[in-house]
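Chemist: Sharing a structure with you now.
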Amino acid sequence: MSIDYTQKIPNNVNLADDRTLQRALEQWQPNFIQWWDDVGPEGSTNYDVYLRTATSVDPQGWAVFDYVKMRDYRWGIFLNPADANRQIQFGDHKGEKAWQDVPGEHRANLRRIIVTQGDTEPASVEQQRHLGLTAPSLYDLRNLFQVNVEEGRHLWAMVYLLQRFFGRDGREEAGALLERTSGDVNNPRILGAFNEKTPDWLAFFMFTYFTDRDGKFQLAALAESAFDPLARTTKFMLTEEAHHMFVGESGVSRVIQRTAQVMNELKTDDPKKIREAGAIDLGTIQRYLNFHYSVTIDLFGADQSSNAATFYSSGLKGRYEEGKRSDDHVLKGQTYKVLEVKDGQLVEKDVPMLNALNEVLRDDFIKDSVAGVGRWNRVLEKAAIATRLVVPHKAFNRKIGALAGIRMSPEGRVVSEEEWKANEGRWLPSDEDRAFVASLMGRVVEPGRFANWIAPPAMGINKQPVDFEYVRFG
Ligand SMILES: [Fe+2]
Ligand SMILES: [Fe+2]
């Protein structure tokens, strides 16, 4: 399954055999480059960046590393190999052959699923476009750019599906994906978290840890789809997503490591003194975590959703690791616990599982997120610091679902509006926190040097040394 790079659009789907599709994609390509130039990484046009590019979709040796100008990155269409005998694993069509085309009755829903996923990809590039100006090191700058080009590639993945399988509607949707803009009042991105700002590098690391992980769970659920081309393309996207979460987890970990070092040097846990020494106090890190976690779990949607039931039963979207579950994969008559507020208390109630599949995916995400927070705490443990980071209760700061608008402490206690107001600045990043973090952001571009607020990584990229020249400025 090697990728043909002799084509204008690199691909492993024999694009040259489908002239109509090839022409449609070649018409979209310059618009994509224009979008990249307009709202992609600011001021980066002449940089040579040490990037990896996919050479094949095989698990071994799928990437080569070399200096690339980002606008010349070979974005293309890469699907995992087809399995001619693949069967549908869940829902009402369980046991039937997977679909190679879109059944008419599922066309509207599938299009909506693909457009919603596709919309998040360019959105994050837009959200991150100014970060290169304040990179804490060349190593981090390169990682940011790698994430950005791969999100661009993920957009290509969804645009391929739209153009290949959805005719004129698909072409229109592919165009609209380049027209909506993150945070734009008139034409925003579809999902809330993708219209938030990513104003500084702590926010970027939290975003890639939590919000790219939402991507992992959504893609994993779509990788189960009865619509085989969607399953195959999301499977390959998942291999790229792993790096994004690594950037987030290791980034936050290095921030904590540096903070712990300053705390031990100064023998203090006073946030003021830690800030004066140019490190980020643990309280601020916790508040950033609270914000990004709560905004991200909203992305899974309403706790009860008839759409979620339809998507599952009709085979469009499965559960995370569907194949590893031992139930009947149909889920009729089963129940799941969701939360609601009754008489000022959070209570659990049983609802039909099919309607609660957003909540099931959210809970899988939560388990996965908590594991990494545990790894961050080990950095503190090693440094003999008693403070621990925790994820807030899943009802905290929610804007979507039954818990939206209910005032809740991070521990999951229902609080009054007054108590919320009095504590908001301790629970979520305040303007002052954000201004402080912003004040630390300065550009460090000398190979091997790192900003004062973050520790160097344990090793470089692709076995290169940490002081490697990861970006060359033209
Ligand atoms: Fe992505
Ligand atoms: Fe990602």
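By order of appearance in the structure tokens: chains A, B, ..., then residues from 1 within every chain, and ligands from 1 in the order shown.
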Can you list, as a PyMOL selection string, every protein, DNA or RNA residue that comes within 12 Å of segment 456-458 of chain A when you count only C-alpha atoms, leaving out same-chain residues fewer than 4 positions away?
Modeler: chain A and resi 136-140+143+246-247+249-258+447-452+463-467
Chemist: Name each residue within 6 Å of ligand 2, counting only C-alpha atoms and all ligand atoms, as a list in words.
Modeler: Glu151, Asp212, Glu241 and His244 of chain A
Chemist: Please identify the residues whose atoms come within 10 Å of ligand 1, using only C-alpha atoms and all ligand atoms, and report them as an MDAnalysis selection string.
Modeler: chainID A and resid 117:125 147:155 157 211:216 219 234 237:238 240:242 244
Chemist: To test your reading of the structure, identify every residue in segment 105-185 of chain A that backbone DSSP assigns to helix (DSSP H, G or I), and report it as a PyMOL selection string.
Modeler: chain A and resi 105-127+131-134+138-165+167-176
Chemist: Residues of segment 131-225 of chain A within 8 Å of segment 267-290 of chain A: nearest atom pair and distance (Å, one decimal) for each, counting only C-alpha atoms, sorted by chain and number, as JSON lines?
Modeler:
{"residue": "A:Leu202", "atom": "CA", "partner": "A:Tyr288", "partner_atom": "CA", "distance": 7.7}
{"residue": "A:Ala203", "atom": "CA", "partner": "A:Tyr288", "partner_atom": "CA", "distance": 6.9}
{"residue": "A:Met206", "atom": "CA", "partner": "A:Leu289", "partner_atom": "CA", "distance": 6.6}
